[in-house]
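Have a look at structure-v7.cif below; it lists mmCIF, N, CA and C atoms.
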data_run
#
loop_
_atom_site.group_PDB
_atom_site.id
_atom_site.type_symbol
_atom_site.label_atom_id
_atom_site.label_comp_id
_atom_site.auth_asym_id
_atom_site.auth_seq_id
_atom_site.Cartn_x
_atom_site.Cartn_y
_atom_site.Cartn_z
ATOM 1 N N MET O 25 36.899 -63.355 -100.638
ATOM 2 C CA MET O 25 37.517 -63.819 -101.757
ATOM 3 C C MET O 25 37.677 -62.546 -102.423
ATOM 4 N N ILE O 26 38.109 -58.763 -102.626
ATOM 5 C CA ILE O 26 38.515 -57.959 -103.697
ATOM 6 C C ILE O 26 37.341 -57.237 -104.292
ATOM 7 N N SER O 27 37.582 -56.381 -104.851
ATOM 8 C CA SER O 27 36.552 -55.602 -105.506
ATOM 9 C C SER O 27 36.390 -56.060 -106.941
ATOM 10 N N CYS O 28 36.178 -57.325 -107.142
ATOM 11 C CA CYS O 28 36.047 -57.805 -108.514
ATOM 12 C C CYS O 28 34.622 -58.208 -108.838
ATOM 13 N N ASN O 29 33.710 -58.041 -107.921
ATOM 14 C CA ASN O 29 32.313 -58.313 -108.234
ATOM 15 C C ASN O 29 31.613 -57.015 -108.523
ATOM 16 N N ASN O 30 30.832 -57.005 -109.590
ATOM 17 C CA ASN O 30 30.018 -55.836 -109.845
ATOM 18 C C ASN O 30 28.606 -56.124 -109.379
ATOM 19 N N SER O 31 27.708 -55.190 -109.576
ATOM 20 C CA SER O 31 26.367 -55.346 -109.033
ATOM 21 C C SER O 31 25.597 -56.511 -109.630
ATOM 22 N N SER O 32 25.992 -57.007 -110.781
ATOM 23 C CA SER O 32 25.285 -58.141 -111.369
ATOM 24 C C SER O 32 25.770 -59.464 -110.805
ATOM 25 N N GLY O 33 26.794 -59.421 -109.963
ATOM 26 C CA GLY O 33 27.309 -60.647 -109.379
ATOM 27 C C GLY O 33 28.371 -61.311 -110.220
ATOM 28 N N LYS O 34 28.729 -60.745 -111.366
ATOM 29 C CA LYS O 34 29.735 -61.342 -112.232
ATOM 30 C C LYS O 34 31.106 -60.798 -111.891
ATOM 31 N N GLN O 35 32.107 -61.651 -111.981
ATOM 32 C CA GLN O 35 33.480 -61.234 -111.767
ATOM 33 C C GLN O 35 33.819 -60.193 -112.828
ATOM 34 N N ALA O 36 34.449 -59.100 -112.437
ATOM 35 C CA ALA O 36 34.796 -58.032 -113.378
ATOM 36 C C ALA O 36 35.669 -58.596 -114.487
ATOM 37 N N GLY O 37 35.278 -58.318 -115.710
ATOM 38 C CA GLY O 37 36.065 -58.765 -116.843
ATOM 39 C C GLY O 37 35.848 -60.218 -117.225
ATOM 40 N N ASN O 38 35.075 -60.944 -116.460
ATOM 41 C CA ASN O 38 34.831 -62.352 -116.740
ATOM 42 C C ASN O 38 33.365 -62.545 -117.099
ATOM 43 N N LYS O 39 33.127 -63.100 -118.262
ATOM 44 C CA LYS O 39 31.763 -63.426 -118.654
ATOM 45 C C LYS O 39 31.465 -64.840 -118.147
ATOM 46 N N ILE O 40 30.357 -64.988 -117.473
ATOM 47 C CA ILE O 40 29.995 -66.285 -116.917
ATOM 48 C C ILE O 40 29.480 -67.176 -118.051
ATOM 49 N N ASN O 41 30.042 -68.350 -118.162
ATOM 50 C CA ASN O 41 29.660 -69.308 -119.191
ATOM 51 C C ASN O 41 28.310 -69.925 -118.827
ATOM 52 N N PRO O 42 27.278 -69.682 -119.620
ATOM 53 C CA PRO O 42 25.949 -70.215 -119.295
ATOM 54 C C PRO O 42 25.853 -71.730 -119.448
ATOM 55 N N ASN O 43 26.851 -72.354 -120.055
ATOM 56 C CA ASN O 43 26.837 -73.807 -120.235
ATOM 57 C C ASN O 43 27.388 -74.559 -119.031
ATOM 58 N N ILE O 44 27.903 -73.835 -118.046
ATOM 59 C CA ILE O 44 28.420 -74.471 -116.836
ATOM 60 C C ILE O 44 27.269 -74.663 -115.858
ATOM 61 N N ASP O 45 27.152 -75.856 -115.321
ATOM 62 C CA ASP O 45 26.122 -76.159 -114.324
ATOM 63 C C ASP O 45 26.623 -75.707 -112.957
ATOM 64 N N ALA O 46 26.504 -74.400 -112.713
ATOM 65 C CA ALA O 46 27.021 -73.828 -111.472
ATOM 66 C C ALA O 46 26.324 -74.412 -110.246
ATOM 67 N N ALA O 47 25.025 -74.610 -110.312
ATOM 68 C CA ALA O 47 24.289 -75.189 -109.178
ATOM 69 C C ALA O 47 24.784 -76.603 -108.895
ATOM 70 N N GLY O 48 25.017 -77.365 -109.948
ATOM 71 C CA GLY O 48 25.536 -78.723 -109.772
ATOM 72 C C GLY O 48 26.941 -78.732 -109.196
ATOM 73 N N LEU O 49 27.801 -77.844 -109.696
ATOM 74 C CA LEU O 49 29.166 -77.751 -109.162
ATOM 75 C C LEU O 49 29.142 -77.343 -107.698
ATOM 76 N N TYR O 50 28.310 -76.353 -107.381
ATOM 77 C CA TYR O 50 28.182 -75.915 -105.990
ATOM 78 C C TYR O 50 27.748 -77.087 -105.117
ATOM 79 N N SER O 51 26.718 -77.811 -105.543
ATOM 80 C CA SER O 51 26.218 -78.942 -104.752
ATOM 81 C C SER O 51 27.276 -80.025 -104.578
ATOM 82 N N MET O 52 28.005 -80.306 -105.641
ATOM 83 C CA MET O 52 28.976 -81.397 -105.603
ATOM 84 C C MET O 52 30.279 -81.034 -104.887
ATOM 85 N N HIS O 53 30.745 -79.791 -105.056
ATOM 86 C CA HIS O 53 32.077 -79.438 -104.578
ATOM 87 C C HIS O 53 32.112 -78.479 -103.385
ATOM 88 N N CYS O 54 31.008 -77.800 -103.097
ATOM 89 C CA CYS O 54 31.070 -76.713 -102.120
ATOM 90 C C CYS O 54 30.071 -76.833 -100.966
ATOM 91 N N ALA O 55 28.873 -77.326 -101.255
ATOM 92 C CA ALA O 55 27.751 -77.225 -100.313
ATOM 93 C C ALA O 55 27.961 -77.970 -99.001
ATOM 94 N N SER O 56 28.840 -78.957 -98.969
ATOM 95 C CA SER O 56 29.039 -79.671 -97.706
ATOM 96 C C SER O 56 29.719 -78.797 -96.655
ATOM 97 N N CYS O 57 30.420 -77.748 -97.082
ATOM 98 C CA CYS O 57 31.107 -76.854 -96.140
ATOM 99 C C CYS O 57 30.696 -75.390 -96.257
ATOM 100 N N HIS O 58 30.126 -75.011 -97.389
ATOM 101 C CA HIS O 58 29.767 -73.608 -97.642
ATOM 102 C C HIS O 58 28.296 -73.489 -97.999
ATOM 103 N N LYS O 59 27.671 -72.464 -97.500
ATOM 104 C CA LYS O 59 26.324 -72.076 -97.921
ATOM 105 C C LYS O 59 26.475 -70.779 -98.698
ATOM 106 N N CYS O 60 25.527 -70.499 -99.552
ATOM 107 C CA CYS O 60 25.626 -69.274 -100.343
ATOM 108 C C CYS O 60 25.475 -68.031 -99.478
ATOM 109 N N ASP O 61 24.542 -68.051 -98.542
ATOM 110 C CA ASP O 61 24.171 -66.811 -97.858
ATOM 111 C C ASP O 61 24.479 -66.747 -96.369
ATOM 112 N N ILE O 62 24.990 -67.816 -95.793
ATOM 113 C CA ILE O 62 25.354 -67.799 -94.369
ATOM 114 C C ILE O 62 26.660 -68.561 -94.159
ATOM 115 N N ASP O 63 27.361 -68.185 -93.105
ATOM 116 C CA ASP O 63 28.554 -68.935 -92.729
ATOM 117 C C ASP O 63 28.125 -70.313 -92.244
ATOM 118 N N PHE O 64 28.976 -71.282 -92.467
ATOM 119 C CA PHE O 64 28.686 -72.668 -92.094
ATOM 120 C C PHE O 64 29.987 -73.256 -91.574
ATOM 121 N N THR O 65 30.422 -74.384 -92.076
ATOM 122 C CA THR O 65 31.743 -74.915 -91.736
ATOM 123 C C THR O 65 32.828 -73.991 -92.257
ATOM 124 N N GLY O 66 32.534 -73.352 -93.387
ATOM 125 C CA GLY O 66 33.374 -72.327 -93.987
ATOM 126 C C GLY O 66 32.534 -71.092 -94.239
ATOM 127 N N PRO O 67 33.149 -70.030 -94.741
ATOM 128 C CA PRO O 67 32.410 -68.781 -94.939
ATOM 129 C C PRO O 67 31.369 -68.863 -96.050
ATOM 130 N N SER O 68 30.386 -68.001 -95.951
ATOM 131 C CA SER O 68 29.382 -67.836 -96.995
ATOM 132 C C SER O 68 30.087 -67.527 -98.313
ATOM 133 N N LEU O 69 29.549 -68.050 -99.404
ATOM 134 C CA LEU O 69 30.147 -67.762 -100.708
ATOM 135 C C LEU O 69 29.574 -66.511 -101.357
ATOM 136 N N LYS O 70 28.444 -66.040 -100.895
ATOM 137 C CA LYS O 70 27.869 -64.811 -101.445
ATOM 138 C C LYS O 70 28.796 -63.645 -101.096
ATOM 139 N N GLY O 71 29.273 -62.946 -102.099
ATOM 140 C CA GLY O 71 30.189 -61.831 -101.882
ATOM 141 C C GLY O 71 31.602 -62.235 -101.506
ATOM 142 N N ALA O 72 31.898 -63.520 -101.615
ATOM 143 C CA ALA O 72 33.212 -64.010 -101.184
ATOM 144 C C ALA O 72 34.363 -63.329 -101.924
ATOM 145 N N ALA O 73 34.198 -63.101 -103.217
ATOM 146 C CA ALA O 73 35.286 -62.485 -103.989
ATOM 147 C C ALA O 73 35.607 -61.083 -103.487
ATOM 148 N N ASP O 74 34.610 -60.381 -102.984
ATOM 149 C CA ASP O 74 34.821 -59.022 -102.481
ATOM 150 C C ASP O 74 35.706 -58.987 -101.237
ATOM 151 N N ARG O 75 35.829 -60.088 -100.561
ATOM 152 C CA ARG O 75 36.606 -60.127 -99.313
ATOM 153 C C ARG O 75 38.105 -60.287 -99.544
ATOM 154 N N TRP O 76 38.501 -60.620 -100.749
ATOM 155 C CA TRP O 76 39.919 -60.808 -101.069
ATOM 156 C C TRP O 76 40.482 -59.535 -101.678
ATOM 157 N N LYS O 77 41.653 -59.100 -101.203
ATOM 158 C CA LYS O 77 42.328 -57.929 -101.772
ATOM 159 C C LYS O 77 42.895 -58.250 -103.151
ATOM 160 N N ASP O 78 43.318 -59.484 -103.349
ATOM 161 C CA ASP O 78 43.949 -59.905 -104.600
ATOM 162 C C ASP O 78 43.161 -61.084 -105.177
ATOM 163 N N PRO O 79 42.519 -60.912 -106.323
ATOM 164 C CA PRO O 79 41.721 -62.006 -106.879
ATOM 165 C C PRO O 79 42.546 -63.253 -107.192
ATOM 166 N N GLU O 80 43.801 -63.070 -107.544
ATOM 167 C CA GLU O 80 44.645 -64.229 -107.839
ATOM 168 C C GLU O 80 44.831 -65.099 -106.594
ATOM 169 N N LEU O 81 44.943 -64.455 -105.432
ATOM 170 C CA LEU O 81 45.075 -65.231 -104.189
ATOM 171 C C LEU O 81 43.813 -66.030 -103.899
ATOM 172 N N MET O 82 42.655 -65.487 -104.242
ATOM 173 C CA MET O 82 41.410 -66.229 -104.044
ATOM 174 C C MET O 82 41.443 -67.527 -104.852
ATOM 175 N N TYR O 83 41.777 -67.422 -106.132
ATOM 176 C CA TYR O 83 41.825 -68.625 -106.970
ATOM 177 C C TYR O 83 42.880 -69.601 -106.462
ATOM 178 N N GLU O 84 44.029 -69.077 -106.094
ATOM 179 C CA GLU O 84 45.103 -69.931 -105.573
ATOM 180 C C GLU O 84 44.664 -70.604 -104.277
ATOM 181 N N PHE O 85 43.991 -69.859 -103.408
ATOM 182 C CA PHE O 85 43.516 -70.409 -102.136
ATOM 183 C C PHE O 85 42.557 -71.575 -102.368
ATOM 184 N N ILE O 86 41.670 -71.432 -103.313
ATOM 185 C CA ILE O 86 40.700 -72.487 -103.591
ATOM 186 C C ILE O 86 41.411 -73.759 -104.048
ATOM 187 N N ARG O 87 42.502 -73.604 -104.774
ATOM 188 C CA ARG O 87 43.242 -74.762 -105.286
ATOM 189 C C ARG O 87 44.324 -75.271 -104.339
ATOM 190 N N ASN O 88 44.881 -74.372 -103.510
ATOM 191 C CA ASN O 88 45.988 -74.755 -102.629
ATOM 192 C C ASN O 88 45.956 -73.885 -101.372
ATOM 193 N N PRO O 89 44.998 -74.147 -100.474
ATOM 194 C CA PRO O 89 44.814 -73.259 -99.330
ATOM 195 C C PRO O 89 46.025 -73.138 -98.407
ATOM 196 N N ILE O 90 46.745 -74.204 -98.178
ATOM 197 C CA ILE O 90 47.886 -74.161 -97.250
ATOM 198 C C ILE O 90 48.925 -73.140 -97.692
ATOM 199 N N SER O 91 49.246 -73.119 -98.979
ATOM 200 C CA SER O 91 50.282 -72.182 -99.444
ATOM 201 C C SER O 91 49.833 -70.732 -99.274
ATOM 202 N N VAL O 92 48.546 -70.464 -99.458
ATOM 203 C CA VAL O 92 48.060 -69.090 -99.326
ATOM 204 C C VAL O 92 47.951 -68.700 -97.855
ATOM 205 N N ILE O 93 47.568 -69.625 -97.002
ATOM 206 C CA ILE O 93 47.497 -69.353 -95.554
ATOM 207 C C ILE O 93 48.855 -68.901 -95.038
ATOM 208 N N GLN O 94 49.919 -69.454 -95.594
ATOM 209 C CA GLN O 94 51.272 -69.121 -95.157
ATOM 210 C C GLN O 94 51.726 -67.731 -95.582
ATOM 211 N N LYS O 95 51.039 -67.131 -96.580
ATOM 212 C CA LYS O 95 51.521 -65.842 -97.072
ATOM 213 C C LYS O 95 50.478 -64.730 -97.067
ATOM 214 N N ASP O 96 49.251 -65.032 -96.692
ATOM 215 C CA ASP O 96 48.194 -64.024 -96.755
ATOM 216 C C ASP O 96 47.442 -63.962 -95.435
ATOM 217 N N SER O 97 47.318 -62.762 -94.891
ATOM 218 C CA SER O 97 46.684 -62.607 -93.580
ATOM 219 C C SER O 97 45.193 -62.940 -93.606
ATOM 220 N N TYR O 98 44.501 -62.618 -94.692
ATOM 221 C CA TYR O 98 43.070 -62.944 -94.759
ATOM 222 C C TYR O 98 42.865 -64.456 -94.753
ATOM 223 N N ALA O 99 43.655 -65.177 -95.526
ATOM 224 C CA ALA O 99 43.557 -66.638 -95.551
ATOM 225 C C ALA O 99 43.876 -67.225 -94.175
ATOM 226 N N ALA O 100 44.872 -66.680 -93.508
ATOM 227 C CA ALA O 100 45.219 -67.141 -92.158
ATOM 228 C C ALA O 100 44.070 -66.877 -91.179
ATOM 229 N N GLU O 101 43.396 -65.732 -91.337
ATOM 230 C CA GLU O 101 42.239 -65.418 -90.493
ATOM 231 C C GLU O 101 41.109 -66.422 -90.711
ATOM 232 N N LEU O 102 40.905 -66.830 -91.959
ATOM 233 C CA LEU O 102 39.871 -67.830 -92.239
ATOM 234 C C LEU O 102 40.167 -69.137 -91.514
ATOM 235 N N GLN O 103 41.421 -69.576 -91.577
ATOM 236 C CA GLN O 103 41.789 -70.814 -90.897
ATOM 237 C C GLN O 103 41.563 -70.681 -89.397
ATOM 238 N N LYS O 104 41.944 -69.556 -88.846
ATOM 239 C CA LYS O 104 41.787 -69.340 -87.410
ATOM 240 C C LYS O 104 40.301 -69.303 -87.018
ATOM 241 N N LYS O 105 39.498 -68.600 -87.784
ATOM 242 C CA LYS O 105 38.071 -68.461 -87.465
ATOM 243 C C LYS O 105 37.333 -69.792 -87.583
ATOM 244 N N TYR O 106 37.586 -70.548 -88.657
ATOM 245 C CA TYR O 106 36.832 -71.772 -88.913
ATOM 246 C C TYR O 106 37.521 -73.023 -88.388
ATOM 247 N N LYS O 107 38.737 -72.862 -87.875
ATOM 248 C CA LYS O 107 39.492 -73.951 -87.253
ATOM 249 C C LYS O 107 39.607 -75.190 -88.153
ATOM 250 N N THR O 108 39.759 -74.926 -89.430
ATOM 251 C CA THR O 108 39.923 -75.989 -90.409
ATOM 252 C C THR O 108 40.594 -75.423 -91.655
ATOM 253 N N VAL O 109 41.046 -76.309 -92.506
ATOM 254 C CA VAL O 109 41.626 -75.901 -93.788
ATOM 255 C C VAL O 109 40.741 -76.478 -94.888
ATOM 256 N N MET O 110 40.417 -75.632 -95.831
ATOM 257 C CA MET O 110 39.583 -76.059 -96.948
ATOM 258 C C MET O 110 40.255 -77.175 -97.734
ATOM 259 N N ILE O 111 39.455 -78.118 -98.190
ATOM 260 C CA ILE O 111 39.963 -79.174 -99.068
ATOM 261 C C ILE O 111 40.263 -78.535 -100.426
ATOM 262 N N PRO O 112 41.458 -78.733 -100.965
ATOM 263 C CA PRO O 112 41.786 -78.132 -102.262
ATOM 264 C C PRO O 112 40.803 -78.574 -103.344
ATOM 265 N N SER O 113 40.491 -77.665 -104.233
ATOM 266 C CA SER O 113 39.548 -77.934 -105.318
ATOM 267 C C SER O 113 40.271 -77.894 -106.656
ATOM 268 N N MET O 114 39.807 -78.694 -107.572
ATOM 269 C CA MET O 114 40.372 -78.701 -108.921
ATOM 270 C C MET O 114 39.458 -77.981 -109.913
ATOM 271 N N LEU O 115 38.497 -77.200 -109.408
ATOM 272 C CA LEU O 115 37.631 -76.440 -110.302
ATOM 273 C C LEU O 115 38.460 -75.441 -111.109
ATOM 274 N N SER O 116 38.070 -75.249 -112.345
ATOM 275 C CA SER O 116 38.743 -74.255 -113.182
ATOM 276 C C SER O 116 38.334 -72.853 -112.726
ATOM 277 N N ARG O 117 39.061 -71.865 -113.178
ATOM 278 C CA ARG O 117 38.728 -70.470 -112.880
ATOM 279 C C ARG O 117 37.309 -70.159 -113.372
ATOM 280 N N GLU O 118 36.982 -70.633 -114.563
ATOM 281 C CA GLU O 118 35.659 -70.407 -115.132
ATOM 282 C C GLU O 118 34.569 -71.058 -114.268
ATOM 283 N N GLU O 119 34.846 -72.246 -113.763
ATOM 284 C CA GLU O 119 33.879 -72.921 -112.892
ATOM 285 C C GLU O 119 33.742 -72.199 -111.553
ATOM 286 N N ILE O 120 34.860 -71.740 -111.008
ATOM 287 C CA ILE O 120 34.825 -70.977 -109.754
ATOM 288 C C ILE O 120 33.989 -69.720 -109.933
ATOM 289 N N ASP O 121 34.227 -69.001 -111.026
ATOM 290 C CA ASP O 121 33.450 -67.792 -111.299
ATOM 291 C C ASP O 121 31.960 -68.107 -111.408
ATOM 292 N N ALA O 122 31.627 -69.212 -112.049
ATOM 293 C CA ALA O 122 30.222 -69.594 -112.206
ATOM 294 C C ALA O 122 29.586 -69.910 -110.851
ATOM 295 N N VAL O 123 30.300 -70.628 -109.989
ATOM 296 C CA VAL O 123 29.775 -70.954 -108.658
ATOM 297 C C VAL O 123 29.577 -69.678 -107.836
ATOM 298 N N LEU O 124 30.545 -68.780 -107.874
ATOM 299 C CA LEU O 124 30.409 -67.533 -107.120
ATOM 300 C C LEU O 124 29.264 -66.687 -107.660
ATOM 301 N N ASP O 125 29.105 -66.650 -108.963
ATOM 302 C CA ASP O 125 27.992 -65.935 -109.565
ATOM 303 C C ASP O 125 26.672 -66.553 -109.127
ATOM 304 N N TYR O 126 26.615 -67.880 -109.135
ATOM 305 C CA TYR O 126 25.417 -68.592 -108.676
ATOM 306 C C TYR O 126 25.068 -68.178 -107.248
ATOM 307 N N CYS O 127 26.046 -68.201 -106.362
ATOM 308 C CA CYS O 127 25.785 -67.832 -104.963
ATOM 309 C C CYS O 127 25.444 -66.357 -104.812
ATOM 310 N N ASN O 128 26.071 -65.511 -105.585
ATOM 311 C CA ASN O 128 25.776 -64.077 -105.505
ATOM 312 C C ASN O 128 24.347 -63.763 -105.917
ATOM 313 N N ASN O 129 23.754 -64.648 -106.680
ATOM 314 C CA ASN O 129 22.401 -64.408 -107.172
ATOM 315 C C ASN O 129 21.346 -65.272 -106.480
ATOM 316 N N GLN O 130 21.710 -65.887 -105.377
ATOM 317 C CA GLN O 130 20.751 -66.683 -104.601
ATOM 318 C C GLN O 130 20.048 -65.829 -103.578
#

What would you get if you wrote out this structure as structure tokens?
Amino acid sequence: MISCNNSSGKQAGNKINPNIDAAGLYSMHCASCHKCDIDFTGPSLKGAADRWKDPELMYEFIRNPISVIQKDSYAAELQKKYKTVMIPSMLSREEIDAVLDYCNNQ
């Protein structure tokens, strides 16, 4: 998912909202296919943002994976490796950042 993570696990320029239940969002929306620290049905979420060259494509991929697979080689590689397409998510950017921060700190 770019060089937008700093050593604290926070997205560069984005302050993580402490009022977001990142663990709950992860459990409800992500954990059935993603683990924080190991690949599963989909890739590990720890450090996921660092794997994307363009942070905007990461957010777009989470919301509309098919459109990004058609235009981005990294997204296409994910589909090929995991032999599936991620279910689109309606999480906000702030919620996505919180979930990634949660996984980066697990």

Taking the file above as input, evaluate the PyMOL selection byres ((chain O and resi 115-125) around 8) and report the hits as a short mmCIF file (atom, residue, chain, number, x, y, z; two decimals) with N, CA and C atoms, in the coordinates of the input.
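Saved result, expr-v6.cif, follows:
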data_model
loop_
_atom_site.label_atom_id
_atom_site.label_comp_id
_atom_site.auth_asym_id
_atom_site.auth_seq_id
_atom_site.Cartn_x
_atom_site.Cartn_y
_atom_site.Cartn_z
N SER O 32 25.99 -57.01 -110.78
CA SER O 32 25.28 -58.14 -111.37
C SER O 32 25.77 -59.46 -110.80
N GLY O 33 26.79 -59.42 -109.96
CA GLY O 33 27.31 -60.65 -109.38
C GLY O 33 28.37 -61.31 -110.22
N LYS O 34 28.73 -60.74 -111.37
CA LYS O 34 29.74 -61.34 -112.23
C LYS O 34 31.11 -60.80 -111.89
N GLN O 35 32.11 -61.65 -111.98
CA GLN O 35 33.48 -61.23 -111.77
C GLN O 35 33.82 -60.19 -112.83
N ASN O 38 35.08 -60.94 -116.46
CA ASN O 38 34.83 -62.35 -116.74
C ASN O 38 33.36 -62.54 -117.10
N LYS O 39 33.13 -63.10 -118.26
CA LYS O 39 31.76 -63.43 -118.65
C LYS O 39 31.46 -64.84 -118.15
N ILE O 40 30.36 -64.99 -117.47
CA ILE O 40 30.00 -66.28 -116.92
C ILE O 40 29.48 -67.18 -118.05
N ASN O 41 30.04 -68.35 -118.16
CA ASN O 41 29.66 -69.31 -119.19
C ASN O 41 28.31 -69.92 -118.83
N PRO O 42 27.28 -69.68 -119.62
CA PRO O 42 25.95 -70.22 -119.30
C PRO O 42 25.85 -71.73 -119.45
N ILE O 44 27.90 -73.83 -118.05
CA ILE O 44 28.42 -74.47 -116.84
C ILE O 44 27.27 -74.66 -115.86
N ASP O 45 27.15 -75.86 -115.32
CA ASP O 45 26.12 -76.16 -114.32
C ASP O 45 26.62 -75.71 -112.96
N ALA O 46 26.50 -74.40 -112.71
CA ALA O 46 27.02 -73.83 -111.47
C ALA O 46 26.32 -74.41 -110.25
N ALA O 47 25.02 -74.61 -110.31
CA ALA O 47 24.29 -75.19 -109.18
C ALA O 47 24.78 -76.60 -108.90
N LEU O 49 27.80 -77.84 -109.70
CA LEU O 49 29.17 -77.75 -109.16
C LEU O 49 29.14 -77.34 -107.70
N TYR O 50 28.31 -76.35 -107.38
CA TYR O 50 28.18 -75.92 -105.99
C TYR O 50 27.75 -77.09 -105.12
N LEU O 69 29.55 -68.05 -99.40
CA LEU O 69 30.15 -67.76 -100.71
C LEU O 69 29.57 -66.51 -101.36
N LYS O 70 28.44 -66.04 -100.90
CA LYS O 70 27.87 -64.81 -101.44
C LYS O 70 28.80 -63.64 -101.10
N GLY O 71 29.27 -62.95 -102.10
CA GLY O 71 30.19 -61.83 -101.88
C GLY O 71 31.60 -62.24 -101.51
N ALA O 72 31.90 -63.52 -101.62
CA ALA O 72 33.21 -64.01 -101.18
C ALA O 72 34.36 -63.33 -101.92
N ALA O 73 34.20 -63.10 -103.22
CA ALA O 73 35.29 -62.48 -103.99
C ALA O 73 35.61 -61.08 -103.49
N TYR O 83 41.78 -67.42 -106.13
CA TYR O 83 41.82 -68.62 -106.97
C TYR O 83 42.88 -69.60 -106.46
N ILE O 86 41.67 -71.43 -103.31
CA ILE O 86 40.70 -72.49 -103.59
C ILE O 86 41.41 -73.76 -104.05
N ARG O 87 42.50 -73.60 -104.77
CA ARG O 87 43.24 -74.76 -105.29
C ARG O 87 44.32 -75.27 -104.34
N PRO O 112 41.46 -78.73 -100.96
CA PRO O 112 41.79 -78.13 -102.26
C PRO O 112 40.80 -78.57 -103.34
N SER O 113 40.49 -77.67 -104.23
CA SER O 113 39.55 -77.93 -105.32
C SER O 113 40.27 -77.89 -106.66
N MET O 114 39.81 -78.69 -107.57
CA MET O 114 40.37 -78.70 -108.92
C MET O 114 39.46 -77.98 -109.91
N TYR O 126 26.62 -67.88 -109.14
CA TYR O 126 25.42 -68.59 -108.68
C TYR O 126 25.07 -68.18 -107.25
N CYS O 127 26.05 -68.20 -106.36
CA CYS O 127 25.78 -67.83 -104.96
C CYS O 127 25.44 -66.36 -104.81
N ASN O 128 26.07 -65.51 -105.58
CA ASN O 128 25.78 -64.08 -105.50
C ASN O 128 24.35 -63.76 -105.92
N ASN O 129 23.75 -64.65 -106.68
CA ASN O 129 22.40 -64.41 -107.17
C ASN O 129 21.35 -65.27 -106.48
N GLN O 130 21.71 -65.89 -105.38
CA GLN O 130 20.75 -66.68 -104.60
C GLN O 130 20.05 -65.83 -103.58
#

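For the set O:Pro67, O:Met110, O:Gln103, O:Ser97, the residue with the smallest atom-to-atom gap to O:Phe85 is O:Met110, counting all atoms listed in the file.
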
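Of note, atom C of O:Cys60 and atom N of O:Trp76 are spaced 15.0 Å apart.
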
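Take atom N of O:Ile90 and atom C of O:Val109: the distance between them is 7.2 Å.
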
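Taking atom CA of O:Lys77 as the reference point, atom CA of O:Ala99 is found at 10.8 Å.
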